[in-house]
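Taking it in order: structure first as structure tokens, then the write-up.
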Amino acid sequence: TSRPALVRRPRTMLARGATVSLASRSTPHASHARATRVGRARVVAEASRTIDFIKYQGLGNDFILIDNRDSATVKMSSEAAAKMCDRNFGIGGDGVIFAMPPNDASEDYSMRMFNSDGSEPEMCGNGIRCLARFVSDLDAMPPKKYKVGTLAGLIQPEMRADGQVAVDMGMPIFEPSEVPTTLAATQDGKVVRAEMDVDGEKWLVNAVSMGNPHCITFGRAGGEADGPGLKLDEFPLSVVGPKFESHPCFPARTNTEFTQVVNRNYVKMHVWERGAGATLACGTGACATVVAGVLEGRVDRRCTVELPGGPLEIEWRESDGRIIMTGPAEPVFAGKYFL
């Protein structure tokens with residue numbers, strides 16, 4: 001019988017002339033062991049680039065909270081924050097919020113935030129409630145009021161004994177150039193029931209800033225705004241919302257609140273947030289909605305705003321013009337994230 005021909009094993013060169021067989025005689029067990037060692041080495045390498053986080057949610061508006069009080073520089077880029085917010089490839093969230101050192105002696109600490117698309121908003125109502133609860137939990141403090149510096153100015157959230165967070169949101173801003181909007185004032189220097197063309201349809205809108213821009217509407221001109229009102233259960237938010245967000249009348253883009261009035265003390269609102277899209281709740285949006293409702297004569301100054309994630313209690317005080325927002329903020333889970 002003939003003997004089988006010898007087969008030469010291919011070889012490849014490594015650094016400094018070392019050689020290794022490409023067709024090694026390793027057993028499945030040896031291959032698995034090597035893969036395990038490689039995997040462990042990779043984890044060890046990645047572990048040197050991690051960041052601690054705790055995820056919080058306020059009525060389903062969810063945020064990744066990071067303690068950044070040891071540095072005036074945020075610990076990640078806006079691009080990294082956007083990846084972190086990805087619900088398939090990251091942790092998932094509507095934004096990343098950083099507890100920062102105070103800017104001056106008037107603050108306890110300050111706030112920076114990146115939306116899920118990497119953009120940086122001036123402030124976030126639900127986010128600041130989560131931030132107050134986050135710092136309170138970290139420092140194991142009894143219920144107290146904090147002074148927090150934001151890009152929208154000083155905001156004062158107060159932890160309550162029942163776990164709710166009441167936030168003094170300050171006074172709404174109406175000057176069109178400060179919202180900002182190119183819509184002209186229609187009522188005492190305010191943009192109230194202004195007509196705005198959106199993809200060929202006329203909507204009646206209100207423009208209010210809570211430190212960030214808001215466009216609030218109760219419906220189309222000659223339609224819902226003057227009749228039965230919007231029916232949010234049937235409203236195509238994902239279709240209409242983006243058209244408002246990037247409307248040329250709002251040069252910095254805008255958050256948009258589509259509102260259905262149930263009675264003078266209770267409204268339903270769905271929001272399309274600038275940089276985040278449809279979310280389950282928006283604190284500044286709830287405040288702006290009550291302001292717009294009062295200006296249009298639809299609601300009282302103390303009003304419950306029901307969002308998809310649950311209700312917020314809003315009071316626009318007549319005595320000093322300040323807005324108080326009250327709602328929950330709850331921790332979800334904590335962990336380490338590989339940067």
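Starting from 1 in every chain, residues are counted up; chains themselves are A, B, ... following the order of the structure tokens, and ligands are numbered from 1 as listed.
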Query raised in the report: Do you know which residues are at most 7 Å from stretch 264-273 of chain A counting only C-alpha atoms, after dropping those on the same chain fewer than 6 positions away, and could you put them as number ranges by chain?
Result: A: 241, 255-258, 279, 282, 298-300, 302-308
Next, the residues of the selection above should be written as a short mmCIF file (atom, residue, chain, number, x, y, z; two decimals), in the first residue's frame with all heavy atoms.
data_model
loop_
_atom_site.label_atom_id
_atom_site.label_comp_id
_atom_site.auth_asym_id
_atom_site.auth_seq_id
_atom_site.Cartn_x
_atom_site.Cartn_y
_atom_site.Cartn_z
N GLY A 241 -44.32 65.85 15.43
CA GLY A 241 -43.34 66.39 16.35
C GLY A 241 -42.06 66.90 15.70
O GLY A 241 -41.63 68.04 15.97
N ASN A 255 -38.65 72.39 21.96
CA ASN A 255 -39.49 71.34 22.53
C ASN A 255 -40.93 71.71 22.18
O ASN A 255 -41.28 72.89 22.16
CB ASN A 255 -39.35 71.30 24.05
CG ASN A 255 -37.90 71.12 24.48
OD1 ASN A 255 -37.34 70.03 24.41
ND2 ASN A 255 -37.28 72.21 24.93
N THR A 256 -41.77 70.72 21.93
CA THR A 256 -43.15 71.02 21.56
C THR A 256 -44.12 70.21 22.40
O THR A 256 -43.95 69.00 22.55
CB THR A 256 -43.41 70.73 20.06
OG1 THR A 256 -42.42 71.40 19.28
CG2 THR A 256 -44.78 71.20 19.65
N GLU A 257 -45.12 70.91 22.95
CA GLU A 257 -46.12 70.27 23.80
C GLU A 257 -47.48 70.30 23.11
O GLU A 257 -48.00 71.39 22.80
CB GLU A 257 -46.21 70.98 25.15
CG GLU A 257 -45.01 70.75 26.06
CD GLU A 257 -43.75 71.49 25.64
OE1 GLU A 257 -43.88 72.64 25.14
OE2 GLU A 257 -42.65 70.95 25.80
N PHE A 258 -48.03 69.14 22.84
CA PHE A 258 -49.36 69.00 22.25
C PHE A 258 -50.32 68.70 23.40
O PHE A 258 -50.15 67.70 24.10
CB PHE A 258 -49.36 67.90 21.19
CG PHE A 258 -48.38 68.16 20.07
CD1 PHE A 258 -47.08 67.65 20.14
CD2 PHE A 258 -48.74 68.93 18.98
CE1 PHE A 258 -46.16 67.90 19.12
CE2 PHE A 258 -47.83 69.19 17.96
CZ PHE A 258 -46.54 68.67 18.03
N THR A 279 -40.77 61.52 24.47
CA THR A 279 -40.39 61.01 25.78
C THR A 279 -41.65 60.86 26.63
O THR A 279 -42.72 61.39 26.29
CB THR A 279 -39.39 61.93 26.51
OG1 THR A 279 -40.01 63.21 26.74
CG2 THR A 279 -38.12 62.12 25.69
N CYS A 282 -41.79 65.52 30.50
CA CYS A 282 -40.92 66.68 30.35
C CYS A 282 -41.35 67.71 31.39
O CYS A 282 -42.46 68.26 31.30
CB CYS A 282 -41.01 67.26 28.94
SG CYS A 282 -40.04 68.76 28.70
N ARG A 298 -57.50 78.91 29.46
CA ARG A 298 -58.03 77.54 29.44
C ARG A 298 -57.92 76.83 30.79
O ARG A 298 -58.72 75.94 31.08
CB ARG A 298 -57.28 76.70 28.39
CG ARG A 298 -57.47 77.19 26.96
CD ARG A 298 -56.62 76.37 26.00
NE ARG A 298 -56.71 76.84 24.62
CZ ARG A 298 -57.60 76.41 23.73
NH1 ARG A 298 -58.49 75.49 24.07
NH2 ARG A 298 -57.60 76.90 22.50
N VAL A 299 -56.90 77.18 31.61
CA VAL A 299 -56.67 76.46 32.86
C VAL A 299 -56.38 77.45 33.99
O VAL A 299 -56.09 78.63 33.76
CB VAL A 299 -55.49 75.46 32.75
CG1 VAL A 299 -55.72 74.47 31.62
CG2 VAL A 299 -54.16 76.19 32.55
N ASP A 300 -56.44 76.95 35.22
CA ASP A 300 -56.09 77.74 36.39
C ASP A 300 -54.59 77.64 36.66
O ASP A 300 -53.89 76.79 36.09
CB ASP A 300 -56.87 77.26 37.62
CG ASP A 300 -58.37 77.50 37.48
OD1 ASP A 300 -58.75 78.41 36.72
OD2 ASP A 300 -59.15 76.77 38.13
N ARG A 302 -52.99 76.59 39.26
CA ARG A 302 -52.60 75.31 39.88
C ARG A 302 -53.26 74.20 39.07
O ARG A 302 -54.49 74.12 39.00
CB ARG A 302 -53.05 75.25 41.34
CG ARG A 302 -52.55 74.02 42.08
CD ARG A 302 -53.17 73.94 43.46
NE ARG A 302 -52.70 75.02 44.33
CZ ARG A 302 -51.66 74.91 45.15
NH1 ARG A 302 -50.97 73.78 45.21
NH2 ARG A 302 -51.30 75.93 45.91
N CYS A 303 -52.44 73.36 38.47
CA CYS A 303 -52.97 72.41 37.50
C CYS A 303 -52.14 71.13 37.48
O CYS A 303 -50.92 71.16 37.62
CB CYS A 303 -52.96 73.06 36.11
SG CYS A 303 -53.75 72.11 34.81
N THR A 304 -52.83 70.00 37.30
CA THR A 304 -52.15 68.72 37.11
C THR A 304 -51.95 68.48 35.62
O THR A 304 -52.88 68.61 34.83
CB THR A 304 -52.98 67.56 37.70
OG1 THR A 304 -53.13 67.76 39.11
CG2 THR A 304 -52.30 66.22 37.46
N VAL A 305 -50.70 68.15 35.25
CA VAL A 305 -50.39 67.83 33.86
C VAL A 305 -50.10 66.34 33.77
O VAL A 305 -49.12 65.85 34.35
CB VAL A 305 -49.18 68.64 33.36
CG1 VAL A 305 -48.86 68.27 31.90
CG2 VAL A 305 -49.44 70.13 33.49
N GLU A 306 -50.95 65.63 33.08
CA GLU A 306 -50.75 64.18 32.92
C GLU A 306 -49.95 63.92 31.65
O GLU A 306 -50.36 64.26 30.54
CB GLU A 306 -52.08 63.43 32.84
CG GLU A 306 -51.90 61.93 32.70
CD GLU A 306 -53.20 61.18 32.50
OE1 GLU A 306 -54.20 61.57 33.13
OE2 GLU A 306 -53.21 60.22 31.70
N LEU A 307 -48.79 63.30 31.84
CA LEU A 307 -47.93 62.92 30.73
C LEU A 307 -48.01 61.41 30.55
O LEU A 307 -48.57 60.70 31.42
CB LEU A 307 -46.50 63.35 31.03
CG LEU A 307 -46.34 64.87 31.24
CD1 LEU A 307 -45.87 65.16 32.65
CD2 LEU A 307 -45.40 65.45 30.22
N PRO A 308 -47.49 60.85 29.45
CA PRO A 308 -47.54 59.39 29.28
C PRO A 308 -46.94 58.62 30.45
O PRO A 308 -47.38 57.51 30.76
CB PRO A 308 -46.74 59.18 28.00
CG PRO A 308 -46.94 60.44 27.22
CD PRO A 308 -46.96 61.53 28.26
#
Report task. Output as a ChimeraX atom specification all residues of stretch 79-148 of chain A that backbone DSSP marks as alpha helix (DSSP H). Result -> /A:79-85,125-139
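Within the 12 Å cut-off around stretch 88-91 of chain A, using only C-alpha atoms and omitting residues fewer than 6 positions from it on the same chain, the listed residues are Phe53, Ile54, Lys55, Tyr56, Asp62, Phe63, Ile64, Leu65, Ala80, Ala81, Ala82, Ser116, Val332, Phe333, Ala334, Gly335, Lys336, Tyr337, Phe338 and Leu339 of chain A.
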Could you save the residues just selected, with N, CA, C and O atoms, as a CSV table (one decimal), in the first residue's frame?
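Final output, saved to result33.csv:
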chain,number,residue,atom,x,y,z
A,53,PHE,N,-22.0,54.9,37.4
A,53,PHE,CA,-23.3,55.6,37.1
A,53,PHE,C,-24.4,55.0,37.9
A,53,PHE,O,-24.3,53.9,38.4
A,54,ILE,N,-25.4,55.8,38.0
A,54,ILE,CA,-26.7,55.3,38.6
A,54,ILE,C,-27.8,55.9,37.6
A,54,ILE,O,-27.8,57.0,37.2
A,55,LYS,N,-28.7,55.0,37.3
A,55,LYS,CA,-29.8,55.4,36.4
A,55,LYS,C,-31.0,55.8,37.2
A,55,LYS,O,-31.4,55.0,38.1
A,56,TYR,N,-31.6,56.9,36.9
A,56,TYR,CA,-32.8,57.4,37.6
A,56,TYR,C,-33.9,57.6,36.6
A,56,TYR,O,-33.6,57.8,35.4
A,62,ASP,N,-36.0,58.9,31.6
A,62,ASP,CA,-34.9,58.3,32.3
A,62,ASP,C,-33.5,58.9,31.9
A,62,ASP,O,-33.2,59.3,30.8
A,63,PHE,N,-32.7,58.9,33.0
A,63,PHE,CA,-31.4,59.6,32.8
A,63,PHE,C,-30.3,58.8,33.5
A,63,PHE,O,-30.5,58.1,34.5
A,64,ILE,N,-29.1,58.9,32.9
A,64,ILE,CA,-27.9,58.3,33.5
A,64,ILE,C,-27.2,59.4,34.3
A,64,ILE,O,-26.8,60.4,33.7
A,65,LEU,N,-27.0,59.2,35.6
A,65,LEU,CA,-26.4,60.2,36.5
A,65,LEU,C,-25.0,59.8,36.8
A,65,LEU,O,-24.7,58.7,37.2
A,80,ALA,N,-19.7,60.3,23.3
A,80,ALA,CA,-19.7,59.1,24.2
A,80,ALA,C,-21.0,59.1,24.9
A,80,ALA,O,-21.6,58.0,25.2
A,81,ALA,N,-21.5,60.2,25.3
A,81,ALA,CA,-22.8,60.3,26.0
A,81,ALA,C,-23.9,59.8,25.1
A,81,ALA,O,-24.8,59.0,25.6
A,82,ALA,N,-23.9,60.1,23.9
A,82,ALA,CA,-24.9,59.7,22.9
A,82,ALA,C,-24.9,58.1,22.8
A,82,ALA,O,-25.9,57.5,22.8
A,116,SER,N,-29.9,62.6,24.4
A,116,SER,CA,-29.5,61.3,23.8
A,116,SER,C,-28.9,61.4,22.4
A,116,SER,O,-28.3,60.5,21.9
A,332,VAL,N,-33.1,53.5,39.5
A,332,VAL,CA,-33.5,52.2,38.8
A,332,VAL,C,-32.4,51.2,39.0
A,332,VAL,O,-32.7,50.1,39.5
A,333,PHE,N,-31.2,51.5,38.6
A,333,PHE,CA,-30.0,50.6,38.9
A,333,PHE,C,-28.7,51.3,38.8
A,333,PHE,O,-28.7,52.4,38.3
A,334,ALA,N,-27.7,50.7,39.2
A,334,ALA,CA,-26.3,51.3,39.2
A,334,ALA,C,-25.4,50.3,38.6
A,334,ALA,O,-25.6,49.1,38.5
A,335,GLY,N,-24.2,50.8,38.1
A,335,GLY,CA,-23.2,50.0,37.5
A,335,GLY,C,-22.0,50.7,37.0
A,335,GLY,O,-21.8,51.9,37.4
A,336,LYS,N,-21.2,50.0,36.3
A,336,LYS,CA,-20.0,50.6,35.7
A,336,LYS,C,-20.1,50.5,34.2
A,336,LYS,O,-20.6,49.5,33.6
A,337,TYR,N,-19.7,51.5,33.5
A,337,TYR,CA,-19.8,51.6,32.0
A,337,TYR,C,-18.5,51.6,31.4
A,337,TYR,O,-17.6,52.4,31.8
A,338,PHE,N,-18.2,50.8,30.4
A,338,PHE,CA,-16.9,50.8,29.7
A,338,PHE,C,-16.9,51.9,28.7
A,338,PHE,O,-17.7,52.0,27.8
A,339,LEU,N,-16.0,52.8,28.9
A,339,LEU,CA,-15.9,54.0,27.9
A,339,LEU,C,-15.2,53.5,26.6
A,339,LEU,O,-14.4,52.6,26.6
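Straight-line separation from atom CA of A:Ala166 to atom CA of A:Met325: 5.6 Å.
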Query raised in the report: Among stretch 57-234 of chain A, which residues carry a DSSP assignment of strand (DSSP E), reported as JSON, numbers by chain?
Result: {"A": [57, 58, 61, 62, 63, 64, 65, 66, 67, 95, 96, 97, 98, 99, 100, 109, 110, 111, 112, 113, 114, 115, 148, 149, 150, 153, 154, 155, 156, 157, 158, 159, 165, 166, 167, 168, 169, 170, 191, 192, 193, 194, 195, 196, 197, 198, 201, 202, 203, 204, 205, 206, 207, 208, 209, 213, 214, 215, 216, 217, 218, 219, 220]}
Query raised in the report: Given the choices A:Gly219, A:Pro143, A:Pro176, A:Gly149, which gets closest to A:Ala161 if the distance is worked out from only C-alpha atoms?
Result: A:Pro143
Taking only C-alpha atoms into account, produce a table as CSV in which each residue of stretch 52-154 of chain A with an atom at most 10 Å from an atom of stretch 211-216 of chain A appears once, together with its shortest atom pair and the distance in Å to one decimal, ordered by chain and rising number.
residue,atom,partner,partner_atom,distance
A:Pro121,CA,A:Asn212,CA,7.1
A:Glu122,CA,A:Asn212,CA,5.8
A:Met123,CA,A:Asn212,CA,6.5
A:Cys124,CA,A:Asn212,CA,8.2
A:Thr150,CA,A:Gly211,CA,9.1
A:Leu151,CA,A:Gly211,CA,7.8
A:Ala152,CA,A:Gly211,CA,4.5
A:Gly153,CA,A:Gly211,CA,7.5
Report task. Measure the distance from atom CA of A:Gly223 to atom CA of A:Ala184 in Å and round it to one decimal. Result ->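 Separation between atom CA of A:Gly223 and atom CA of A:Ala184: 22.0 Å.
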